[in-house]
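The structure file query.cif is reproduced below (mmCIF, C-alpha atoms and all ligand atoms).
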data_query
loop_
_atom_site.label_atom_id
_atom_site.label_comp_id
_atom_site.auth_asym_id
_atom_site.auth_seq_id
_atom_site.Cartn_x
_atom_site.Cartn_y
_atom_site.Cartn_z
CA MET V 1 0.00 0.00 0.00
CA GLU V 2 2.98 2.33 0.41
CA ARG V 3 3.31 2.39 -3.36
CA ILE V 4 -0.24 3.27 -4.29
CA GLY V 5 -1.33 6.85 -5.04
CA THR V 6 -4.79 8.39 -5.17
CA GLU V 7 -7.01 10.86 -6.94
CA THR V 8 -7.09 13.99 -4.80
CA ALA V 9 -10.21 15.32 -6.54
CA PHE V 10 -12.24 13.31 -4.07
CA GLU V 11 -10.37 14.88 -1.11
CA ALA V 12 -10.69 18.40 -2.51
CA ALA V 13 -14.42 17.91 -2.96
CA ALA V 14 -14.67 16.79 0.67
CA ARG V 15 -12.79 19.90 1.86
CA ALA V 16 -15.05 22.11 -0.23
CA ARG V 17 -18.11 20.46 1.30
CA ALA V 18 -16.69 20.93 4.79
CA LEU V 19 -16.26 24.64 4.04
CA GLU V 20 -19.82 24.82 2.73
CA ALA V 21 -21.04 23.22 5.93
CA THR V 22 -19.72 26.31 7.77
CA GLY V 23 -22.08 28.46 5.71
CA ARG V 24 -19.66 29.58 2.96
CA ASP V 25 -20.75 29.62 -0.65
CA VAL V 26 -18.42 27.43 -2.73
CA ILE V 27 -18.37 27.17 -6.51
CA HIS V 28 -17.32 23.68 -7.46
CA LEU V 29 -14.86 23.60 -10.32
CA GLU V 30 -12.96 20.59 -8.99
CA LEU V 31 -15.14 17.79 -10.26
CA GLY V 32 -14.36 15.87 -13.40
CA GLU V 33 -17.99 15.15 -14.10
CA PRO V 34 -20.69 16.70 -16.23
CA ASP V 35 -23.20 18.73 -14.22
CA PHE V 36 -26.05 17.46 -16.40
CA ASP V 37 -28.46 14.68 -15.55
CA THR V 38 -28.16 11.44 -17.47
CA PRO V 39 -30.39 11.65 -20.58
CA ARG V 40 -33.87 10.53 -19.61
CA ASN V 41 -34.19 7.85 -22.31
CA VAL V 42 -31.10 6.16 -20.81
CA SER V 43 -32.43 6.20 -17.26
CA GLU V 44 -35.81 4.93 -18.46
CA ALA V 45 -34.22 2.02 -20.31
CA ALA V 46 -32.35 1.03 -17.14
CA ALA V 47 -35.50 1.40 -15.04
CA ARG V 48 -37.46 -0.81 -17.45
CA ALA V 49 -34.72 -3.42 -17.35
CA LEU V 50 -34.76 -3.33 -13.56
CA LEU V 51 -38.53 -3.26 -13.04
CA ASP V 52 -39.88 -5.21 -15.99
CA ASP V 53 -37.18 -7.30 -17.56
CA GLY V 54 -35.63 -8.96 -14.52
CA ALA V 55 -32.18 -7.43 -15.02
CA THR V 56 -31.33 -8.18 -11.41
CA HIS V 57 -28.96 -11.10 -11.90
CA TYR V 58 -25.30 -11.61 -12.68
CA THR V 59 -24.45 -11.05 -16.31
CA PRO V 60 -21.64 -12.62 -18.35
CA ALA V 61 -18.36 -11.32 -16.87
CA ALA V 62 -17.37 -9.23 -19.88
CA GLY V 63 -20.85 -7.75 -20.39
CA ILE V 64 -24.24 -8.57 -21.91
CA PRO V 65 -24.04 -9.51 -25.60
CA SER V 66 -26.30 -6.63 -26.74
CA LEU V 67 -24.01 -4.08 -25.07
CA ARG V 68 -20.81 -5.62 -26.41
CA GLU V 69 -22.35 -5.53 -29.89
CA ALA V 70 -23.50 -1.93 -29.42
CA ILE V 71 -19.95 -1.01 -28.37
CA VAL V 72 -18.51 -2.71 -31.46
CA ALA V 73 -20.84 -0.61 -33.64
CA ASP V 74 -20.09 2.53 -31.66
CA VAL V 75 -16.30 2.24 -31.86
CA ARG V 76 -16.60 1.55 -35.57
CA ARG V 77 -18.72 4.69 -36.01
CA TRP V 78 -16.77 7.10 -33.82
CA LYS V 79 -13.25 5.72 -33.83
CA GLY V 80 -13.05 3.63 -37.00
CA ILE V 81 -11.97 0.65 -34.89
CA GLU V 82 -12.90 -2.78 -36.28
CA ALA V 83 -13.34 -5.17 -33.34
CA LYS V 84 -15.25 -8.31 -32.49
CA PRO V 85 -17.67 -8.42 -29.53
CA GLU V 86 -15.26 -10.84 -27.80
CA GLN V 87 -12.69 -8.04 -27.63
CA VAL V 88 -15.02 -5.80 -25.63
CA ILE V 89 -14.75 -5.91 -21.84
CA VAL V 90 -17.45 -3.98 -19.98
CA THR V 91 -16.47 -2.76 -16.51
CA PRO V 92 -17.89 -0.68 -13.64
CA GLY V 93 -16.43 2.61 -14.89
CA ALA V 94 -13.49 2.82 -17.23
CA LYS V 95 -10.99 2.99 -14.39
CA PRO V 96 -10.85 -0.81 -13.92
CA ILE V 97 -9.51 -1.09 -17.47
CA MET V 98 -6.37 0.75 -16.30
CA PHE V 99 -6.19 -1.49 -13.27
CA TYR V 100 -6.56 -4.70 -15.26
CA ALA V 101 -4.18 -3.58 -18.01
CA MET V 102 -1.42 -2.97 -15.49
CA LEU V 103 -2.17 -6.11 -13.48
CA ALA V 104 -2.19 -8.26 -16.58
CA LEU V 105 0.85 -6.81 -18.33
CA ILE V 106 3.27 -5.13 -15.95
CA ASP V 107 5.85 -7.26 -14.20
CA ASP V 108 8.28 -6.10 -11.54
CA GLY V 109 10.56 -3.43 -12.99
CA ASP V 110 8.65 -3.01 -16.25
CA GLU V 111 8.52 0.61 -17.29
CA VAL V 112 5.32 2.48 -18.12
CA ILE V 113 5.59 5.80 -19.94
CA TYR V 114 2.67 8.05 -19.06
CA PRO V 115 1.70 11.73 -19.49
CA ASN V 116 2.58 14.05 -16.61
CA PRO V 117 0.58 16.05 -15.70
CA GLY V 118 -1.98 13.34 -16.28
CA PHE V 119 -4.74 11.28 -14.76
CA PRO V 120 -3.12 10.24 -11.46
CA ILE V 121 -4.18 6.62 -11.63
CA TYR V 122 -1.72 5.72 -14.43
CA GLU V 123 1.26 6.48 -12.24
CA SER V 124 -0.35 5.07 -9.12
CA MET V 125 -1.26 1.74 -10.67
CA ALA V 126 2.01 1.29 -12.54
CA ARG V 127 3.88 1.67 -9.27
CA TYR V 128 1.41 -0.40 -7.26
CA VAL V 129 1.82 -3.47 -9.46
CA GLY V 130 5.62 -3.25 -9.15
CA GLY V 131 6.32 -1.37 -12.36
CA THR V 132 8.29 1.82 -12.79
CA PRO V 133 6.26 4.81 -13.96
CA VAL V 134 8.26 7.01 -16.33
CA ALA V 135 6.87 10.53 -16.74
CA ALA V 136 6.57 12.04 -20.21
CA PRO V 137 6.29 15.74 -19.35
CA LEU V 138 3.57 17.75 -21.09
CA ARG V 139 4.63 21.36 -21.50
CA GLU V 140 2.66 24.48 -22.15
CA GLU V 141 5.18 25.49 -24.89
CA ASN V 142 4.16 22.33 -26.74
CA ASP V 143 0.43 22.99 -26.28
CA PHE V 144 0.54 20.28 -23.55
CA ARG V 145 1.01 17.56 -26.19
CA MET V 146 3.29 14.62 -25.62
CA ASP V 147 6.68 15.36 -27.19
CA VAL V 148 7.22 12.34 -29.43
CA GLU V 149 11.02 12.81 -29.59
CA GLU V 150 11.15 12.91 -25.83
CA VAL V 151 8.98 9.80 -25.53
CA ALA V 152 11.40 8.04 -27.90
CA SER V 153 14.29 9.04 -25.64
CA LEU V 154 12.52 7.57 -22.58
CA ILE V 155 12.15 4.11 -24.13
CA THR V 156 14.50 1.46 -22.69
CA PRO V 157 14.62 -2.34 -23.03
CA ARG V 158 12.38 -2.44 -19.92
CA THR V 159 9.63 -0.27 -21.40
CA ARG V 160 6.46 -2.32 -21.70
CA MET V 161 3.61 0.15 -21.94
CA LEU V 162 2.85 3.61 -23.26
CA VAL V 163 -0.20 5.41 -21.91
CA ILE V 164 -1.75 8.12 -24.05
CA ASN V 165 -4.79 10.23 -23.25
CA THR V 166 -6.43 12.42 -25.86
CA PRO V 167 -8.33 14.69 -25.27
CA HIS V 168 -6.36 15.05 -22.10
CA ASN V 169 -7.18 15.45 -18.45
CA PRO V 170 -6.15 17.89 -16.88
CA THR V 171 -4.91 20.13 -19.72
CA GLY V 172 -7.60 19.69 -22.40
CA SER V 173 -4.83 19.13 -24.95
CA ILE V 174 -5.15 16.77 -27.90
CA LEU V 175 -2.56 14.78 -29.78
CA THR V 176 -2.38 15.58 -33.49
CA GLY V 177 -2.80 12.85 -36.11
CA ASP V 178 0.91 13.14 -36.78
CA ASP V 179 1.78 12.70 -33.07
CA ILE V 180 -0.41 9.61 -32.91
CA ARG V 181 1.09 8.07 -36.04
CA ARG V 182 4.61 8.63 -34.73
CA LEU V 183 3.74 7.23 -31.31
CA GLY V 184 2.22 4.20 -33.04
CA GLN V 185 5.46 3.66 -34.98
CA LEU V 186 7.45 3.79 -31.73
CA ALA V 187 5.11 1.22 -30.17
CA VAL V 188 5.56 -1.15 -33.10
CA GLU V 189 9.35 -0.65 -33.27
CA HIS V 190 9.83 -1.25 -29.55
CA ASP V 191 7.08 -3.82 -29.10
CA LEU V 192 5.09 -1.75 -26.60
CA VAL V 193 1.49 -2.11 -25.50
CA VAL V 194 -0.48 1.13 -25.74
CA LEU V 195 -3.18 2.03 -23.27
CA ALA V 196 -5.20 4.63 -25.22
CA ASP V 197 -7.48 6.53 -22.87
CA GLU V 198 -10.14 7.99 -25.15
CA ILE V 199 -12.74 8.71 -22.49
CA TYR V 200 -13.08 12.33 -23.72
CA GLY V 201 -13.13 11.29 -27.40
CA ARG V 202 -16.58 12.72 -28.12
CA LEU V 203 -15.54 15.99 -26.45
CA GLN V 204 -12.83 16.97 -28.91
CA TYR V 205 -13.54 20.45 -30.29
CA GLU V 206 -10.92 20.77 -33.02
CA ASP V 207 -9.55 18.36 -35.63
CA LYS V 208 -10.91 14.88 -36.07
CA PRO V 209 -9.81 12.41 -33.39
CA LEU V 210 -7.61 9.55 -34.57
CA SER V 211 -7.66 6.29 -32.61
CA ILE V 212 -4.23 4.74 -32.40
CA ALA V 213 -5.77 1.24 -32.60
CA THR V 214 -6.69 1.89 -36.25
CA LEU V 215 -3.05 2.27 -37.35
CA PRO V 216 -1.08 -0.58 -38.97
CA GLY V 217 0.18 -3.10 -36.43
CA MET V 218 -1.64 -1.40 -33.55
CA ALA V 219 -4.88 -3.39 -33.12
CA GLU V 220 -2.95 -6.27 -31.60
CA ARG V 221 -1.11 -4.04 -29.13
CA THR V 222 -3.68 -1.41 -28.12
CA ILE V 223 -6.10 -1.35 -25.24
CA THR V 224 -8.64 1.34 -26.05
CA LEU V 225 -10.39 2.67 -22.97
CA ASP V 226 -13.68 4.54 -23.11
CA GLY V 227 -16.90 4.77 -21.16
CA PHE V 228 -20.16 6.47 -20.42
CA SER V 229 -19.25 8.82 -17.55
CA LYS V 230 -18.29 11.86 -19.58
CA THR V 231 -20.13 11.55 -22.91
CA PHE V 232 -23.49 10.69 -21.39
CA ALA V 233 -23.17 12.24 -17.90
CA MET V 234 -23.22 8.82 -16.23
CA THR V 235 -20.38 9.03 -13.68
CA GLY V 236 -22.41 7.51 -10.85
CA TRP V 237 -23.63 4.59 -12.94
CA ARG V 238 -20.10 3.20 -13.11
CA LEU V 239 -19.91 2.04 -16.70
CA GLY V 240 -16.92 1.83 -18.95
CA TYR V 241 -15.18 -0.55 -21.28
CA GLY V 242 -11.99 -1.61 -22.93
CA VAL V 243 -11.52 -2.82 -26.49
CA VAL V 244 -8.58 -5.14 -26.09
CA PRO V 245 -6.48 -7.33 -28.39
CA GLU V 246 -8.12 -10.73 -28.89
CA ALA V 247 -5.25 -12.48 -27.16
CA LEU V 248 -5.74 -10.40 -24.02
CA ALA V 249 -9.53 -10.69 -23.71
CA PRO V 250 -9.51 -13.90 -21.64
CA ALA V 251 -7.08 -12.34 -19.14
CA PHE V 252 -9.32 -9.30 -18.74
CA SER V 253 -12.40 -11.50 -18.26
CA THR V 254 -10.56 -13.50 -15.62
CA LEU V 255 -9.63 -10.29 -13.80
CA VAL V 256 -13.28 -9.17 -13.93
CA ILE V 257 -14.36 -12.50 -12.46
CA ASN V 258 -11.76 -12.26 -9.72
CA SER V 259 -12.67 -8.70 -8.78
CA VAL V 260 -16.28 -7.74 -9.51
CA SER V 261 -17.87 -10.76 -11.31
CA CYS V 262 -19.60 -8.44 -13.77
CA THR V 263 -20.98 -4.93 -14.25
CA ASN V 264 -24.42 -3.98 -12.93
CA ALA V 265 -27.09 -5.66 -15.10
CA PHE V 266 -29.62 -2.84 -15.42
CA ALA V 267 -26.89 -0.22 -15.86
CA GLN V 268 -25.73 -2.19 -18.89
CA ALA V 269 -29.27 -2.02 -20.32
CA GLY V 270 -29.10 1.77 -19.93
CA ALA V 271 -25.74 1.76 -21.70
CA VAL V 272 -27.24 0.02 -24.74
CA GLU V 273 -29.82 2.82 -24.96
CA ALA V 274 -27.09 5.47 -24.53
CA LEU V 275 -25.24 4.12 -27.56
CA THR V 276 -28.13 3.14 -29.81
CA GLY V 277 -30.80 5.72 -28.86
CA PRO V 278 -31.04 9.39 -29.83
CA GLN V 279 -27.81 11.32 -29.41
CA ASP V 280 -29.35 14.80 -28.99
CA ALA V 281 -28.63 15.02 -25.27
CA ALA V 282 -24.96 14.08 -25.72
CA ASP V 283 -24.69 16.55 -28.61
CA ALA V 284 -26.35 19.31 -26.57
CA MET V 285 -23.96 18.76 -23.65
CA ARG V 286 -21.02 18.99 -26.00
CA ALA V 287 -22.32 22.26 -27.47
CA GLU V 288 -22.78 23.68 -23.98
CA PHE V 289 -19.22 22.71 -22.96
CA LEU V 290 -17.95 24.49 -26.04
CA ALA V 291 -19.72 27.72 -25.03
CA ARG V 292 -18.44 27.46 -21.46
CA ARG V 293 -14.91 26.86 -22.68
CA SER V 294 -14.58 30.34 -24.16
CA LEU V 295 -16.31 31.88 -21.18
CA ILE V 296 -13.82 30.47 -18.67
CA VAL V 297 -10.68 30.75 -20.81
CA ASP V 298 -11.36 34.34 -21.89
CA GLY V 299 -12.33 35.23 -18.33
CA LEU V 300 -9.15 33.75 -16.86
CA ASN V 301 -6.92 35.38 -19.49
CA ALA V 302 -8.41 38.77 -18.62
CA ILE V 303 -7.03 38.43 -15.05
CA PRO V 304 -3.60 40.07 -14.68
CA GLY V 305 -0.91 37.44 -14.08
CA VAL V 306 -2.98 34.53 -15.44
CA ARG V 307 -2.23 32.78 -18.73
CA CYS V 308 -4.53 30.05 -20.01
CA LEU V 309 -4.19 28.12 -23.27
CA MET V 310 -7.36 27.28 -25.15
CA PRO V 311 -8.07 23.60 -24.41
CA HIS V 312 -9.02 21.52 -27.46
CA GLY V 313 -11.14 18.92 -25.70
CA ALA V 314 -12.62 17.59 -22.43
CA PHE V 315 -14.01 20.17 -19.96
CA TYR V 316 -10.98 21.51 -18.14
CA ALA V 317 -9.07 24.78 -18.20
CA PHE V 318 -5.48 24.59 -16.97
CA PRO V 319 -4.25 28.15 -16.35
CA ASN V 320 -0.67 29.00 -15.52
CA LEU V 321 -0.63 30.85 -12.19
CA SER V 322 3.10 30.66 -11.59
CA SER V 323 3.50 34.45 -11.82
CA PHE V 324 2.06 34.70 -8.30
CA GLY V 325 5.19 33.04 -6.96
CA ARG V 326 3.38 30.41 -4.88
CA SER V 327 2.99 26.67 -5.26
CA SER V 328 -0.06 25.47 -7.12
CA SER V 329 -1.44 23.85 -3.98
CA GLN V 330 -1.06 27.14 -2.08
CA ILE V 331 -2.90 28.96 -4.86
CA ALA V 332 -5.62 26.32 -5.03
CA ASP V 333 -6.08 26.60 -1.24
CA HIS V 334 -6.09 30.38 -1.40
CA LEU V 335 -8.80 30.31 -4.04
CA LEU V 336 -10.87 27.87 -2.04
CA TYR V 337 -10.60 29.65 1.30
CA ASP V 338 -10.55 33.24 0.07
CA ALA V 339 -12.67 33.16 -3.07
CA GLY V 340 -14.82 30.13 -2.36
CA VAL V 341 -13.80 28.60 -5.68
CA CYS V 342 -12.64 25.01 -5.62
CA GLY V 343 -10.15 23.91 -8.27
CA LEU V 344 -7.38 21.33 -8.14
CA ALA V 345 -3.67 22.03 -7.79
CA GLY V 346 -1.84 21.03 -10.97
CA THR V 347 0.41 18.83 -8.84
CA ALA V 348 -2.60 16.58 -8.12
CA PHE V 349 -1.79 15.35 -11.65
CA GLY V 350 1.94 14.88 -11.15
CA GLU V 351 5.03 16.96 -10.54
CA HIS V 352 4.90 18.59 -13.98
CA GLY V 353 1.59 20.17 -13.02
CA GLU V 354 3.41 22.62 -10.72
CA GLY V 355 2.45 26.19 -11.52
CA TYR V 356 -1.06 25.33 -12.74
CA VAL V 357 -4.54 24.85 -11.32
CA ARG V 358 -7.23 22.78 -13.01
CA PHE V 359 -10.72 24.22 -13.22
CA SER V 360 -13.48 22.04 -14.56
CA TYR V 361 -16.02 23.95 -16.62
CA ALA V 362 -18.66 21.32 -16.05
CA ASN V 363 -20.68 23.96 -14.22
CA SER V 364 -23.30 26.51 -15.28
CA ARG V 365 -22.29 29.62 -17.23
CA GLU V 366 -23.58 31.69 -14.34
CA ASN V 367 -21.33 29.91 -11.84
CA ILE V 368 -18.36 30.06 -14.19
CA SER V 369 -18.78 33.84 -14.54
CA ARG V 370 -19.09 34.27 -10.78
CA ALA V 371 -16.06 32.05 -10.22
CA VAL V 372 -13.89 33.97 -12.69
CA GLU V 373 -14.83 37.24 -11.04
CA ARG V 374 -14.00 35.94 -7.59
CA ILE V 375 -10.72 34.40 -8.77
CA GLY V 376 -9.73 37.76 -10.23
CA GLU V 377 -10.51 39.64 -7.00
CA SER V 378 -8.80 37.06 -4.85
CA LEU V 379 -5.60 37.01 -6.91
CA ALA V 380 -5.49 40.81 -6.95
CA LYS V 381 -5.80 40.76 -3.17
CA LEU V 382 -2.98 38.22 -2.94
CA GLU V 383 -0.77 40.50 -5.05
CA ARG V 384 -1.68 43.50 -2.89
CA THR V 385 -1.33 41.97 0.57
CA GLY V 386 0.94 38.97 -0.02
CA GLU V 387 -1.36 37.04 2.30
CA LEU V 388 -2.43 33.52 1.39
CA ALA V 389 -5.72 32.25 2.73
CA THR V 390 -5.54 28.76 4.24
CA ALA V 391 -7.92 26.35 5.96
CA GLY V 392 -7.04 28.05 9.27
CA SER V 393 -7.84 31.53 8.00
CA ALA V 394 -11.22 30.59 6.49
CA HIS V 395 -13.88 33.02 7.57
N1 LIG N 1 -9.67 8.50 -17.81
C1 LIG N 1 -9.60 9.81 -17.58
C2 LIG N 1 -8.58 10.63 -18.28
C3 LIG N 1 -10.48 10.40 -16.67
O1 LIG N 1 -10.42 11.73 -16.45
C4 LIG N 1 -11.43 9.58 -15.99
C5 LIG N 1 -12.32 10.15 -14.96
O2 LIG N 1 -12.15 11.21 -14.44
C6 LIG N 1 -11.45 8.22 -16.27
C7 LIG N 1 -10.56 7.72 -17.19
C8 LIG N 1 -12.34 7.25 -15.57
O3 LIG N 1 -13.69 7.46 -15.69
P1 LIG N 1 -14.76 6.42 -15.17
O4 LIG N 1 -14.12 5.41 -14.32
O5 LIG N 1 -15.78 7.25 -14.46
O6 LIG N 1 -15.33 5.79 -16.40
#
Can the structure in the file be given as structure tokens, please?
Ligand code: PLP
Amino acid sequence: MERIGTETAFEAAARARALEATGRDVIHLELGEPDFDTPRNVSEAAARALLDDGATHYTPAAGIPSLREAIVADVRRWKGIEAKPEQVIVTPGAKPIMFYAMLALIDDGDEVIYPNPGFPIYESMARYVGGTPVAAPLREENDFRMDVEEVASLITPRTRMLVINTPHNPTGSILTGDDIRRLGQLAVEHDLVVLADEIYGRLQYEDKPLSIATLPGMAERTITLDGFSKTFAMTGWRLGYGVVPEALAPAFSTLVINSVSCTNAFAQAGAVEALTGPQDAADAMRAEFLARRSLIVDGLNAIPGVRCLMPHGAFYAFPNLSSFGRSSSQIADHLLYDAGVCGLAGTAFGEHGEGYVRFSYANSRENISRAVERIGESLAKLERTGELATAGSAH
């Protein structure tokens, strides 16, 4: 357990709630989840399955056949991936796919190259299973894309896995088609497995996404991870999946059996509806995120001392606040306790997140505008007085 990490978003949310309990108004920009309700047709399909269709039993470990088939059709439509239903592993959330991939493939001392800043679970799990996480720094100068040359320089005979995430959490960056093709070539040359985290794939606002699994020689070495949490506002349902190489599917099923037996039966019925039913709700959420993106990014850039790149996907802004001369966790605390705005320190996503704070724009336009105003006032006050607000100074 000494080796495992965590996702501090859950802790930050708890601290924000504790502050709210003292009567303070807090605007929540820490959560990586859509603020919308799950589309009604999806909830109704799950309710029907639960109430009328007896979906109250165990299902096959890797998922019900109708969902695995719907996923095959969906990844063909959106990603251009050709897969068989047997390659689809349905899981409670997409996170277990990371867990199983590392458990199945990483031996003691195997190296895993992962984006840093990045989703904290890649590093945590790689280390937990006895592997060595190797950070590929994402830099603002490079639009927070992975630097392919640098990734090449990090590869050693012990490198086993490359993790990519596009669109990216926490920076909102995307990899270009050229980046992805070059990363694919590296994977083939060095016989690496790629864990392609495409959970924000439908929330890419520029360029057409390219799935690395579609490139020559990649289908047999790529685990494509996706799910329902972000696209369909279904975080609490716990529903995700991996499309895995045929040879790996039995291992993943065995890990499912050993850990959770299967994914919730009626939730899977809802997932079929999410993929095969009308897409208007998912499209409307995407359009709303796009509008909020400019609101928050323009608002942040108007604050003296703040610099924020335009994210190309997901629903996060990742402003550079290093000009205030404090650590990102001090700034995040200051903004929580002084401004009542909860974001996450960039370092919650790895050491290369120092200098940044992540704000999720999965919140109403009204709250985003209020938050930006309060952030501006609070940073101006910090500049003026040099005084950082902390948990102890909360009023
Ligand atoms: N991958 C990334 C990059 C994420 O940001 C998240 C959730 O925040 C996940 C995967 C996992 O999502 P879930 O387990 O809810 O499907």
Quick one: residues within 10 Å of Leu154 in chain V, only C-alpha atoms counted, chain neighbours fewer than 2 positions away excluded, as a PyMOL selection string?
chain V and resi 111-113+134-136+148-152+156+159
Just want the residues within 9 Å of ligand LIG 1 (chain N), written as a ChimeraX atom specification, counting all atoms listed in the file.
/V:31-33,91-98,118-121,165-170,197-200,225-230,234-241,314
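You can rank V:Thr38, V:Thr176, V:Ser327, V:Ser393 by their closest distance to Met285 in chain V using all atoms listed in the file, and at the top of that list sits V:Thr38.
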Report, in Å to a single decimal, how far apart CA of Gly305 in chain V and CA of Ile375 in chain V are.
11.6 Å
Exercise: range 160-162 of chain V partners within 8 Å, only C-alpha atoms, chain neighbours under 4 positions left out, as a list in words
Leu105, Ile106, Asp110, Glu111, Val112, Ile113, Tyr114, Ala187, Asp191, Leu192, Val193, Val194 and Leu195 of chain V
Show me, as JSON, numbers by chain, the residues that have an atom within 12 Å of Ala12 in chain V when counting only C-alpha atoms, minus same-chain residues fewer than 6 positions from it.
{"V": [6, 18, 19, 26, 28, 29, 30, 31, 32, 329, 332, 333, 336, 337, 341, 342, 343, 344, 345, 348, 358, 391]}
Please identify all polymer residues within 12 Å of range 47-57 of chain V, counting all atoms listed in the file, omitting same-chain residues fewer than 5 positions from it, and present them as a CSV table (one decimal) with C-alpha atoms, in the frame of the given file.
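The result, written out as around28.csv:
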chain,number,residue,atom,x,y,z
V,40,ARG,CA,-33.9,10.5,-19.6
V,41,ASN,CA,-34.2,7.8,-22.3
V,42,VAL,CA,-31.1,6.2,-20.8
V,64,ILE,CA,-24.2,-8.6,-21.9
V,261,SER,CA,-17.9,-10.8,-11.3
V,262,CYS,CA,-19.6,-8.4,-13.8
V,263,THR,CA,-21.0,-4.9,-14.2
V,264,ASN,CA,-24.4,-4.0,-12.9
V,265,ALA,CA,-27.1,-5.7,-15.1
V,266,PHE,CA,-29.6,-2.8,-15.4
V,267,ALA,CA,-26.9,-0.2,-15.9
V,268,GLN,CA,-25.7,-2.2,-18.9
V,269,ALA,CA,-29.3,-2.0,-20.3
V,270,GLY,CA,-29.1,1.8,-19.9
V,271,ALA,CA,-25.7,1.8,-21.7
V,272,VAL,CA,-27.2,0.0,-24.7
V,273,GLU,CA,-29.8,2.8,-25.0
Spatial neighbours of Asp147 in chain V, max dist 12 Å, only C-alpha atoms, sep filter under 6 positions, as JSON, numbers by chain:
{"V": [114, 115, 116, 135, 136, 137, 138, 139, 140, 141, 153, 154, 164, 174, 175, 176, 178, 179, 180, 182, 183]}
Looking at only C-alpha atoms, which of V:Tyr58, V:Tyr100, V:Tyr205, V:Phe10 is the one that sits closest to Gly242 in chain V?
V:Tyr100
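Coordinates place CA of Ser66 in chain V at a distance of 20.0 Å from CA of Val260 in chain V.
Coordinates place CA of Glu86 in chain V at a distance of 17.4 Å from CA of Ala104 in chain V.
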Check the smallest atom-to-atom distance from each of V:Phe318, V:Arg24, V:Ile4, V:Thr224 to Gly130 in chain V using all atoms listed in the file, then report the winner.
V:Ile4
In the coordinate frame of the file, compute which residues have an atom within 12 Å of (-22.4, 25.1, -14.0) when using all atoms listed in the file, and state them as JSON, numbers by chain.
{"V": [27, 28, 29, 30, 31, 33, 34, 35, 36, 285, 288, 289, 291, 292, 293, 295, 296, 315, 359, 360, 361, 362, 363, 364, 365, 366, 367, 368, 369, 370, 371]}
What does the file look like for those residues with C-alpha atoms, as a short mmCIF file (atom, residue, chain, number, x, y, z; two decimals), keeping the file's coordinate frame?
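And here's result36.cif as it stands now:
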data_model
loop_
_atom_site.label_atom_id
_atom_site.label_comp_id
_atom_site.auth_asym_id
_atom_site.auth_seq_id
_atom_site.Cartn_x
_atom_site.Cartn_y
_atom_site.Cartn_z
CA ILE V 27 -18.37 27.17 -6.51
CA HIS V 28 -17.32 23.68 -7.46
CA LEU V 29 -14.86 23.60 -10.32
CA GLU V 30 -12.96 20.59 -8.99
CA LEU V 31 -15.14 17.79 -10.26
CA GLU V 33 -17.99 15.15 -14.10
CA PRO V 34 -20.69 16.70 -16.23
CA ASP V 35 -23.20 18.73 -14.22
CA PHE V 36 -26.05 17.46 -16.40
CA MET V 285 -23.96 18.76 -23.65
CA GLU V 288 -22.78 23.68 -23.98
CA PHE V 289 -19.22 22.71 -22.96
CA ALA V 291 -19.72 27.72 -25.03
CA ARG V 292 -18.44 27.46 -21.46
CA ARG V 293 -14.91 26.86 -22.68
CA LEU V 295 -16.31 31.88 -21.18
CA ILE V 296 -13.82 30.47 -18.67
CA PHE V 315 -14.01 20.17 -19.96
CA PHE V 359 -10.72 24.22 -13.22
CA SER V 360 -13.48 22.04 -14.56
CA TYR V 361 -16.02 23.95 -16.62
CA ALA V 362 -18.66 21.32 -16.05
CA ASN V 363 -20.68 23.96 -14.22
CA SER V 364 -23.30 26.51 -15.28
CA ARG V 365 -22.29 29.62 -17.23
CA GLU V 366 -23.58 31.69 -14.34
CA ASN V 367 -21.33 29.91 -11.84
CA ILE V 368 -18.36 30.06 -14.19
CA SER V 369 -18.78 33.84 -14.54
CA ARG V 370 -19.09 34.27 -10.78
CA ALA V 371 -16.06 32.05 -10.22
#
